[in-house]
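Asker: This is data_22.cif, which holds mmCIF, C-alpha atoms and all ligand atoms:
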data_entry
loop_
_atom_site.label_atom_id
_atom_site.label_comp_id
_atom_site.auth_asym_id
_atom_site.auth_seq_id
_atom_site.Cartn_x
_atom_site.Cartn_y
_atom_site.Cartn_z
CA ASP F 1 6.20 26.80 -0.41
CA ASP F 2 4.05 23.81 0.43
CA PRO F 3 3.01 21.78 -2.59
CA PRO F 4 -0.75 21.60 -3.06
CA PRO F 5 -2.67 18.79 -1.40
CA PRO F 6 -3.69 15.63 -3.24
CA ALA F 7 -5.72 16.75 -6.20
CA ARG F 8 -9.04 15.49 -7.42
CA THR F 9 -9.70 18.66 -9.36
CA ALA F 10 -8.46 20.67 -12.32
CA GLY F 11 -4.70 20.61 -12.57
CA ALA F 12 -4.63 16.97 -11.57
CA PRO F 13 -2.52 14.47 -13.46
CA ASP F 14 -4.11 12.66 -16.35
CA ALA F 15 -3.64 8.98 -16.96
CA SER F 16 -6.96 8.34 -18.65
CA THR F 17 -5.28 6.93 -21.72
CA ALA F 18 -2.22 5.41 -20.07
CA GLU F 19 -0.92 2.38 -21.91
CA ALA F 20 2.46 2.13 -20.29
CA GLY F 21 4.52 -0.97 -20.44
CA ASN F 22 4.99 -3.22 -17.48
CA PRO F 23 7.14 -3.30 -15.48
CA ILE F 24 6.41 0.30 -14.60
CA VAL F 25 10.05 0.97 -13.76
CA GLU F 26 13.27 -0.98 -13.95
CA GLY F 27 14.56 -2.70 -10.86
CA TRP F 28 13.38 -5.08 -8.16
CA TYR F 29 10.56 -3.45 -6.24
CA ALA F 30 7.48 -4.75 -4.43
CA ASP F 31 4.45 -3.70 -2.36
CA PRO F 32 3.72 -0.49 -4.33
CA ASP F 33 1.40 2.10 -2.83
CA VAL F 34 0.19 4.88 -5.11
CA ALA F 35 -0.91 8.43 -4.22
CA VAL F 36 -1.91 11.54 -6.16
CA TYR F 37 -0.09 14.62 -4.89
CA GLY F 38 -0.73 17.83 -6.79
CA ASP F 39 -0.13 17.23 -10.47
CA ARG F 40 1.66 13.92 -10.13
CA PHE F 41 1.08 10.26 -9.39
CA TRP F 42 3.52 8.91 -6.82
CA ILE F 43 4.45 5.30 -6.25
CA TYR F 44 6.25 4.25 -3.07
CA PRO F 45 7.46 0.62 -3.15
CA THR F 46 9.56 -1.72 -1.07
CA THR F 47 13.12 -2.13 -2.30
CA SER F 48 12.88 -5.86 -2.97
CA ARG F 49 15.99 -7.41 -1.44
CA ARG F 50 16.86 -9.66 1.45
CA TYR F 51 15.42 -8.06 4.58
CA SER F 52 18.92 -7.33 5.87
CA GLU F 53 19.50 -5.19 2.77
CA GLN F 54 16.14 -3.42 2.65
CA THR F 55 17.49 -0.30 4.26
CA PHE F 56 16.02 2.46 2.09
CA MET F 57 13.06 3.33 -0.09
CA ASP F 58 12.94 4.97 -3.49
CA ALA F 59 9.86 6.71 -4.89
CA PHE F 60 8.66 7.31 -8.44
CA SER F 61 6.53 10.16 -9.80
CA SER F 62 4.72 10.75 -13.06
CA THR F 63 2.17 13.11 -14.61
CA ASP F 64 0.78 10.44 -16.94
CA MET F 65 1.64 7.03 -15.42
CA VAL F 66 3.78 6.41 -18.49
CA ASN F 67 6.97 8.39 -17.91
CA TRP F 68 8.38 8.02 -14.40
CA THR F 69 10.99 9.99 -12.48
CA LYS F 70 12.95 8.14 -9.81
CA HIS F 71 13.43 9.84 -6.44
CA PRO F 72 16.16 7.83 -4.74
CA LYS F 73 16.22 7.13 -1.03
CA VAL F 74 13.22 9.16 0.08
CA LEU F 75 13.49 7.27 3.37
CA ASP F 76 16.74 5.87 4.71
CA ILE F 77 17.13 3.62 7.71
CA ALA F 78 19.70 6.07 9.05
CA ASP F 79 16.76 8.36 9.78
CA VAL F 80 14.86 5.76 11.82
CA ALA F 81 16.94 5.21 14.94
CA TRP F 82 14.96 2.21 16.22
CA ALA F 83 15.10 0.31 12.92
CA GLU F 84 17.97 -2.10 12.43
CA TYR F 85 17.01 -3.64 9.11
CA ALA F 86 14.12 -4.15 6.71
CA LEU F 87 12.15 -1.06 5.87
CA TRP F 88 9.21 -2.12 3.76
CA ALA F 89 5.62 -1.82 2.55
CA PRO F 90 5.36 2.00 2.56
CA ALA F 91 1.95 3.67 2.73
CA PRO F 92 1.80 7.36 1.69
CA VAL F 93 -0.85 9.84 2.81
CA PHE F 94 -1.16 13.65 2.91
CA ARG F 95 -2.72 15.66 5.71
CA ASP F 96 -2.58 19.31 6.79
CA GLY F 97 0.43 20.25 4.70
CA LYS F 98 2.48 17.20 5.64
CA TYR F 99 3.32 14.06 3.72
CA TYR F 100 3.35 10.87 5.77
CA LEU F 101 4.95 7.57 4.93
CA TYR F 102 3.98 4.61 7.09
CA PHE F 103 6.37 1.70 6.93
CA ALA F 104 7.22 -1.61 8.57
CA ALA F 105 10.67 -2.08 10.10
CA ASN F 106 12.46 -5.07 11.61
CA ASP F 107 10.67 -8.29 10.77
CA ILE F 108 9.44 -8.96 14.27
CA GLN F 109 8.43 -12.53 15.01
CA SER F 110 7.31 -12.06 18.61
CA ASP F 111 6.13 -9.44 21.06
CA SER F 112 9.52 -9.34 22.74
CA GLU F 113 11.27 -7.97 19.66
CA LEU F 114 11.54 -4.32 18.75
CA GLY F 115 9.95 -3.27 15.51
CA GLY F 116 6.61 -2.87 13.82
CA ILE F 117 4.82 -0.09 11.99
CA GLY F 118 6.47 3.31 12.05
CA VAL F 119 5.61 6.65 10.51
CA ALA F 120 7.87 9.18 8.82
CA VAL F 121 6.97 12.69 7.76
CA ALA F 122 8.19 15.16 5.15
CA ASP F 123 7.33 18.57 3.76
CA ARG F 124 7.40 17.29 0.20
CA PRO F 125 6.35 14.06 -1.54
CA GLU F 126 9.97 13.32 -2.41
CA GLY F 127 11.06 13.68 1.19
CA PRO F 128 13.40 13.40 2.85
CA TYR F 129 11.11 11.53 5.24
CA LYS F 130 12.15 11.50 8.89
CA ASP F 131 10.87 9.31 11.69
CA ALA F 132 7.95 11.20 13.23
CA ILE F 133 7.66 9.59 16.66
CA GLY F 134 10.96 7.96 17.56
CA GLY F 135 9.51 4.45 17.82
CA PRO F 136 6.90 2.17 16.30
CA LEU F 137 3.27 3.25 16.19
CA VAL F 138 2.18 -0.40 16.45
CA SER F 139 4.87 -2.61 17.91
CA ARG F 140 3.16 -5.77 19.04
CA PHE F 141 0.90 -8.51 17.79
CA HIS F 142 -2.75 -7.67 18.40
CA ASN F 143 -5.47 -10.20 17.51
CA GLY F 144 -2.70 -12.32 16.00
CA ALA F 145 -1.79 -9.71 13.38
CA GLN F 146 1.88 -9.14 12.70
CA PRO F 147 2.43 -5.35 12.58
CA ILE F 148 3.27 -5.04 8.87
CA ASP F 149 1.67 -4.22 5.51
CA GLN F 150 -0.26 -1.16 6.60
CA ASP F 151 -2.45 1.09 4.52
CA VAL F 152 -3.77 4.46 5.67
CA PHE F 153 -7.10 5.77 4.43
CA ILE F 154 -8.74 9.10 5.31
CA ASP F 155 -12.52 8.99 5.02
CA ASP F 156 -14.65 11.86 3.73
CA ASP F 157 -15.45 12.92 7.31
CA GLY F 158 -11.74 13.35 8.05
CA GLN F 159 -11.34 10.23 10.18
CA ALA F 160 -8.13 8.37 9.34
CA TYR F 161 -7.92 4.60 9.56
CA MET F 162 -4.96 2.29 9.32
CA TYR F 163 -5.46 -1.26 8.05
CA TYR F 164 -2.63 -3.70 8.58
CA GLY F 165 -1.57 -7.20 9.41
CA GLY F 166 0.46 -10.20 8.40
CA TRP F 167 0.34 -13.86 9.37
CA GLY F 168 -3.28 -14.25 8.36
CA HIS F 169 -4.85 -11.60 10.56
CA ALA F 170 -5.92 -8.05 9.77
CA ASN F 171 -6.75 -5.19 12.09
CA VAL F 172 -8.10 -1.70 11.68
CA VAL F 173 -7.14 1.13 14.01
CA LYS F 174 -8.15 4.77 14.08
CA LEU F 175 -5.47 7.44 13.72
CA ASN F 176 -5.83 10.71 15.56
CA PRO F 177 -5.68 13.91 13.47
CA ASP F 178 -1.96 14.21 14.29
CA MET F 179 -1.54 11.03 12.21
CA THR F 180 1.09 9.79 14.65
CA SER F 181 -1.02 8.34 17.46
CA LEU F 182 -3.81 5.79 17.72
CA GLY F 183 -7.38 6.70 18.57
CA THR F 184 -10.09 4.57 20.10
CA PHE F 185 -13.39 3.23 18.84
CA SER F 186 -16.67 4.09 20.57
CA ASP F 187 -16.42 0.91 22.68
CA GLY F 188 -13.02 2.02 24.01
CA SER F 189 -11.02 -0.50 22.02
CA THR F 190 -7.98 0.36 19.91
CA TYR F 191 -7.60 -2.68 17.65
CA LYS F 192 -10.50 -4.21 15.75
CA GLU F 193 -9.97 -7.46 13.95
CA ILE F 194 -11.40 -7.41 10.42
CA THR F 195 -9.75 -10.53 8.94
CA PRO F 196 -11.57 -11.61 5.79
CA GLU F 197 -11.60 -15.14 4.44
CA ASN F 198 -8.20 -16.32 3.15
CA TYR F 199 -6.46 -13.12 4.26
CA VAL F 200 -2.68 -13.39 4.40
CA GLU F 201 -1.26 -9.82 4.22
CA GLY F 202 -1.14 -6.65 2.13
CA SER F 203 -4.30 -4.88 3.29
CA TYR F 204 -5.57 -1.97 1.21
CA MET F 205 -8.65 0.28 1.43
CA PHE F 206 -10.32 2.58 -1.08
CA LYS F 207 -13.77 4.10 -1.46
CA ARG F 208 -15.90 4.43 -4.59
CA ASP F 209 -19.47 5.75 -4.74
CA GLY F 210 -19.85 5.46 -0.97
CA THR F 211 -18.73 1.82 -0.85
CA TYR F 212 -15.60 0.75 1.03
CA TYR F 213 -13.42 -1.78 -0.75
CA MET F 214 -10.94 -3.77 1.28
CA MET F 215 -8.30 -5.64 -0.70
CA TRP F 216 -5.67 -8.09 0.48
CA SER F 217 -3.20 -10.69 -0.70
CA GLU F 218 -3.55 -14.43 -0.41
CA GLY F 219 -1.04 -17.26 -0.80
CA GLY F 220 2.63 -17.24 0.09
CA TRP F 221 4.46 -14.12 -1.02
CA THR F 222 7.28 -16.13 -2.60
CA GLY F 223 4.97 -18.47 -4.46
CA PRO F 224 3.23 -18.39 -7.82
CA ASN F 225 -0.24 -18.40 -6.27
CA TYR F 226 0.07 -15.04 -4.57
CA SER F 227 -3.09 -13.17 -5.55
CA VAL F 228 -5.46 -10.34 -4.62
CA SER F 229 -9.03 -10.60 -3.34
CA TYR F 230 -11.53 -8.01 -2.16
CA ALA F 231 -14.55 -7.31 0.00
CA MET F 232 -17.14 -4.54 -0.09
CA SER F 233 -18.75 -2.84 2.89
CA ASP F 234 -20.85 0.19 3.74
CA SER F 235 -18.54 0.91 6.69
CA PRO F 236 -14.79 1.58 6.88
CA THR F 237 -14.59 -0.92 9.72
CA GLY F 238 -16.43 -3.71 7.96
CA PRO F 239 -17.55 -6.40 8.22
CA PHE F 240 -15.54 -7.38 5.16
CA LYS F 241 -16.93 -10.48 3.47
CA LYS F 242 -14.83 -11.81 0.64
CA ILE F 243 -16.46 -11.37 -2.74
CA ASP F 244 -13.88 -12.73 -5.11
CA ARG F 245 -10.29 -12.90 -6.27
CA VAL F 246 -9.53 -10.15 -8.77
CA LEU F 247 -5.86 -10.54 -9.59
CA ALA F 248 -4.01 -13.83 -9.94
CA GLN F 249 -1.10 -15.30 -11.82
CA ASP F 250 -1.32 -15.69 -15.56
CA PRO F 251 1.13 -18.41 -16.62
CA ALA F 252 1.56 -16.61 -19.93
CA VAL F 253 2.38 -13.24 -18.34
CA ALA F 254 3.65 -13.33 -14.75
CA ARG F 255 3.31 -15.14 -11.45
CA GLY F 256 2.91 -14.09 -7.85
CA SER F 257 0.88 -10.95 -8.53
CA GLY F 258 -0.15 -9.24 -5.32
CA HIS F 259 0.35 -6.65 -2.59
CA ASN F 260 -1.56 -3.97 -4.43
CA SER F 261 -2.86 -0.45 -4.16
CA VAL F 262 -5.47 1.38 -6.24
CA VAL F 263 -5.60 4.82 -7.82
CA ASN F 264 -8.48 6.78 -9.29
CA VAL F 265 -7.50 9.12 -12.11
CA PRO F 266 -8.73 12.45 -10.72
CA GLY F 267 -11.99 13.67 -12.23
CA THR F 268 -12.75 10.36 -13.96
CA ASP F 269 -14.10 6.93 -13.15
CA ILE F 270 -10.88 5.36 -14.39
CA TRP F 271 -9.11 3.18 -11.85
CA TYR F 272 -5.86 1.30 -11.86
CA ILE F 273 -4.56 -1.48 -9.64
CA VAL F 274 -0.85 -1.09 -8.91
CA TYR F 275 0.88 -4.26 -7.74
CA HIS F 276 4.01 -6.35 -7.97
CA ARG F 277 4.50 -9.57 -9.88
CA ARG F 278 7.19 -12.08 -10.70
CA PRO F 279 8.56 -12.22 -14.22
CA LEU F 280 8.33 -15.70 -15.74
CA SER F 281 12.14 -15.68 -15.89
CA GLU F 282 12.41 -15.09 -12.12
CA THR F 283 14.88 -17.32 -10.29
CA ASP F 284 15.36 -15.23 -7.13
CA GLY F 285 12.61 -14.92 -4.53
CA ASN F 286 13.18 -11.19 -4.34
CA HIS F 287 12.77 -10.64 -8.07
CA ARG F 288 9.54 -8.69 -8.01
CA ALA F 289 8.60 -5.96 -10.46
CA LEU F 290 6.04 -3.15 -10.39
CA ALA F 291 3.04 -3.33 -12.69
CA TYR F 292 -0.35 -1.73 -13.11
CA ASP F 293 -3.52 -2.52 -14.99
CA ARG F 294 -7.05 -1.15 -15.40
CA ILE F 295 -9.71 -2.26 -12.98
CA ASP F 296 -13.29 -2.10 -14.16
CA PHE F 297 -16.47 -2.23 -12.14
CA ASN F 298 -19.80 -3.86 -12.84
CA SER F 299 -22.98 -1.81 -12.36
CA ASP F 300 -23.45 -3.31 -8.88
CA GLY F 301 -19.99 -2.09 -7.85
CA THR F 302 -18.29 -5.47 -7.96
CA ILE F 303 -14.87 -5.59 -9.60
CA ARG F 304 -14.23 -7.52 -12.79
CA PRO F 305 -11.23 -9.85 -12.81
CA VAL F 306 -8.12 -7.96 -13.88
CA THR F 307 -6.42 -8.88 -17.11
CA MET F 308 -2.68 -8.46 -16.72
CA LYS F 309 -0.96 -6.64 -19.53
CA VAL F 310 1.90 -8.66 -20.93
CA ASN F 311 4.25 -5.74 -20.68
O1 LIG N 1 7.99 -7.24 0.70
C1 LIG N 1 7.96 -7.99 1.89
C2 LIG N 1 6.69 -8.75 2.03
O2 LIG N 1 6.38 -9.42 0.84
C3 LIG N 1 5.48 -7.95 2.33
O3 LIG N 1 5.31 -7.67 3.67
C4 LIG N 1 4.41 -8.83 1.86
O4 LIG N 1 3.20 -8.20 1.68
C5 LIG N 1 5.00 -9.40 0.62
O5 LIG N 1 4.75 -8.59 -0.48
#
In structure tokens, how does this file's structure come out?
Ligand code: FUB
Answerer:
Amino acid sequence: DDPPPPARTAGAPDASTAEAGNPIVEGWYADPDVAVYGDRFWIYPTTSRRYSEQTFMDAFSSTDMVNWTKHPKVLDIADVAWAEYALWAPAPVFRDGKYYLYFAANDIQSDSELGGIGVAVADRPEGPYKDAIGGPLVSRFHNGAQPIDQDVFIDDDGQAYMYYGGWGHANVVKLNPDMTSLGTFSDGSTYKEITPENYVEGSYMFKRDGTYYMMWSEGGWTGPNYSVSYAMSDSPTGPFKKIDRVLAQDPAVARGSGHNSVVNVPGTDIWYIVYHRRPLSETDGNHRALAYDRIDFNSDGTIRPVTMKVN
């Protein structure tokens, strides 16, 4: 039996009073992307290790965002024939009875290397996810954007978009309804550059009250000044003008907070930002931990700066 699609209705999970401790789960994880599938919240993170050792992904599910169940190795590099190392930055999305997990593989530094953004598919949120197309969906630099750190967003009209990019450039592409091939824009182009001010990586898109919010990370990912900023637009393809930084280090709590996603508690106007951060005790560049906090909106839709919970 297929599980039900992502719920925004009765039967949905409830995290309206969540006061969980941070880190969300034990272990070194980064780049969390959160989805609501049926009656559970799901978080898919990068296994935060040296790239050569990032060869699998775990997932975590919860009905309340307090108690989490670990689902080990939902995607394994053994199931992606073209990937040699480094699976990271997963992006989950559901469509037409299938669960998709977009990921980056092989840290390509030039167009001549194999790697980029791939897509895996499963019948269930916990996988097992298998490579859907036998090669990368985006395998080269376009507009200067390294093919990493993707997020997939399906608009209310059914059009799917993928936002991605490292090395200071961001692109948006359209996905066809099969979710495994790229579409074209009305001008015939495939890749549209949407780089906002100070963009480094970690693109993310969500929609609230008809407004499109693009979020991204700034600063070096190993440094204390890694942070999250956002733009608002009335179009999923921008333009995206930076409004402000919303999540930054707090020297009393954690450093290097970034690479986020956002979840709306179904049926409410309660929103959480899910991100990774570095514990103050961190001595290893890969020591990143998952955290989440409330995000609140002003009456004009702008986002108030996030206060990081201590734990
Ligand atoms: O986890 C590997 C890299 O670290 C990601 O691509 C960046 O966004 C940063 O979080």
Asker: Give me the residues within 10 Å of range 261-269 of chain F as a VMD selection string, counting all atoms listed in the file and dropping any in the same chain fewer than 3 places off.
Answerer: chain F and resid 6 to 16 31 to 36 39 41 43 64 to 65 91 151 202 to 208 215 to 216 258 272 to 276 292 to 297
Asker: Of the candidates F:Val121, F:Ile24, F:Met162, F:Ala105, which one gets nearest to ligand LIG 1 (chain N) if we count only C-alpha atoms and all ligand atoms?
Answerer: F:Ala105
Asker: What's around Gly219 in chain F at 10 Å? Count all atoms listed in the file, leave out sequence neighbours fewer than 5 positions away in its own chain, and write the answer as a PyMOL selection string.
Answerer: chain F and resi 168+198-201+224-228+256+258
Asker: Quick one: residues within 9 Å of ligand LIG 1 (chain N), with all atoms listed in the file, as a PyMOL selection string?
Answerer: chain F and resi 29-31+45-49+51+86+88-89+104+107+148-149+165-166+200-203+216-217+220-222+226+258-260+276+286+288
Asker: Where's the centre, and what are the edge lengths in Å to one decimal, of a box along x, y and z enclosing all listed atoms of range 77-89 of chain F padded 4 Å per side, as JSON?
Answerer:
{"center_x": 12.7, "center_y": 2.1, "center_z": 9.4, "size_x": 22.1, "size_y": 20.5, "size_z": 21.7}
Asker: Using all atoms listed in the file, which residue out of F:Gly135, F:Gly38, F:Pro251, F:Pro147 lies closest to Tyr99 in chain F?
Answerer: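 For Tyr99 in chain F, the nearest of the candidates is F:Gly38.
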Asker: In Å to one decimal, how far is CA of Gly301 in chain F from CA of Trp167 in chain F?
Answerer: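 Rounded to one decimal, the two atoms are 29.1 Å apart.
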Asker: Find the distance between CA of Thr190 in chain F and CA of Ile243 in chain F and write it in Å to one decimal.
Answerer: 26.9 Å
Asker: Which of these residues is nearest to Lys73 in chain F, using only C-alpha atoms: F:Gly210, F:Gly115, F:Pro128, F:Gly27?
Answerer: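 Checking each of F:Gly210, F:Gly115, F:Pro128, F:Gly27 against Lys73 in chain F, counting only C-alpha atoms, the winner is F:Pro128.
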Asker: Expressed in Å to a single decimal, how great is the separation between CA of Ser281 in chain F and CA of Ser257 in chain F?
Answerer: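 Spanning CA of Ser281 in chain F to CA of Ser257 in chain F is a straight-line distance of 14.3 Å.
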Asker: Excluding Trp82 in chain F and residues on its chain fewer than 6 positions from it, collect all residues at most 12 Å away from it, counting only C-alpha atoms, and give them as a PyMOL selection string.
Answerer: chain F and resi 104-106+113-119+131-137+139
Asker: Write out, as a compact mmCIF listing (two decimals), keeping the file's coordinate frame, the residues just selected, with C-alpha atoms.
Answerer:
# COMPACT_ATOMS: atom_id res chain seq x y z
CA ALA F 104 7.22 -1.61 8.57
CA ALA F 105 10.67 -2.08 10.10
CA ASN F 106 12.46 -5.07 11.61
CA GLU F 113 11.27 -7.97 19.66
CA LEU F 114 11.54 -4.32 18.75
CA GLY F 115 9.95 -3.27 15.51
CA GLY F 116 6.61 -2.87 13.82
CA ILE F 117 4.82 -0.09 11.99
CA GLY F 118 6.47 3.31 12.05
CA VAL F 119 5.61 6.65 10.51
CA ASP F 131 10.87 9.31 11.69
CA ALA F 132 7.95 11.20 13.23
CA ILE F 133 7.66 9.59 16.66
CA GLY F 134 10.96 7.96 17.56
CA GLY F 135 9.51 4.45 17.82
CA PRO F 136 6.90 2.17 16.30
CA LEU F 137 3.27 3.25 16.19
CA SER F 139 4.87 -2.61 17.91
Asker: Excluding same-chain residues fewer than 4 positions from Ser186 in chain F, what lies within 12 Å of it counting only C-alpha atoms, as a list in words?
Answerer: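 After dropping sequence-adjacent residues, the list is Val173, Lys174, Thr190, Tyr191 and Lys192 of chain F.
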Asker: So that I have them on file, write out the residues from the current selection with C-alpha atoms, as an mmCIF file, in the frame of the given file.
Answerer:
data_model
loop_
_atom_site.group_PDB
_atom_site.id
_atom_site.type_symbol
_atom_site.label_atom_id
_atom_site.label_comp_id
_atom_site.auth_asym_id
_atom_site.auth_seq_id
_atom_site.Cartn_x
_atom_site.Cartn_y
_atom_site.Cartn_z
ATOM 1 C CA VAL F 173 -7.140 1.130 14.010
ATOM 2 C CA LYS F 174 -8.150 4.770 14.080
ATOM 3 C CA THR F 190 -7.980 0.360 19.910
ATOM 4 C CA TYR F 191 -7.600 -2.680 17.650
ATOM 5 C CA LYS F 192 -10.500 -4.210 15.750
#
Asker: Using all atoms listed in the file, pick whichever of F:Glu26, F:Gln109, F:Tyr230, F:Ser52 has the shortest atom-to-atom distance to Thr69 in chain F.
Answerer: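 For Thr69 in chain F, the nearest of the candidates is F:Glu26.
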Asker: Using all atoms listed in the file, which of the listed residues (F:Asn143, F:Gln150, F:Ser62, F:Ser233) sits closest to Val93 in chain F?
Answerer: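 For Val93 in chain F, the nearest of the given residues is F:Gln150.
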Asker: With a distance cut-off of 8 Å and all atoms listed in the file, select the neighbouring residues of Asn176 in chain F, excluding the residue or stretch itself and same-chain residues fewer than 6 positions from it, and output the selection as a list in words.
Answerer: Gln159, Ala160, Leu182 and Gly183 of chain F
Asker: From (-22.3, 3.2, 3.1), in the file's coordinates, out to 6 Å: which residues are reached, counting only C-alpha atoms? Answer as an MDAnalysis selection string.
Answerer: chainID F and resid 210:211 234:235
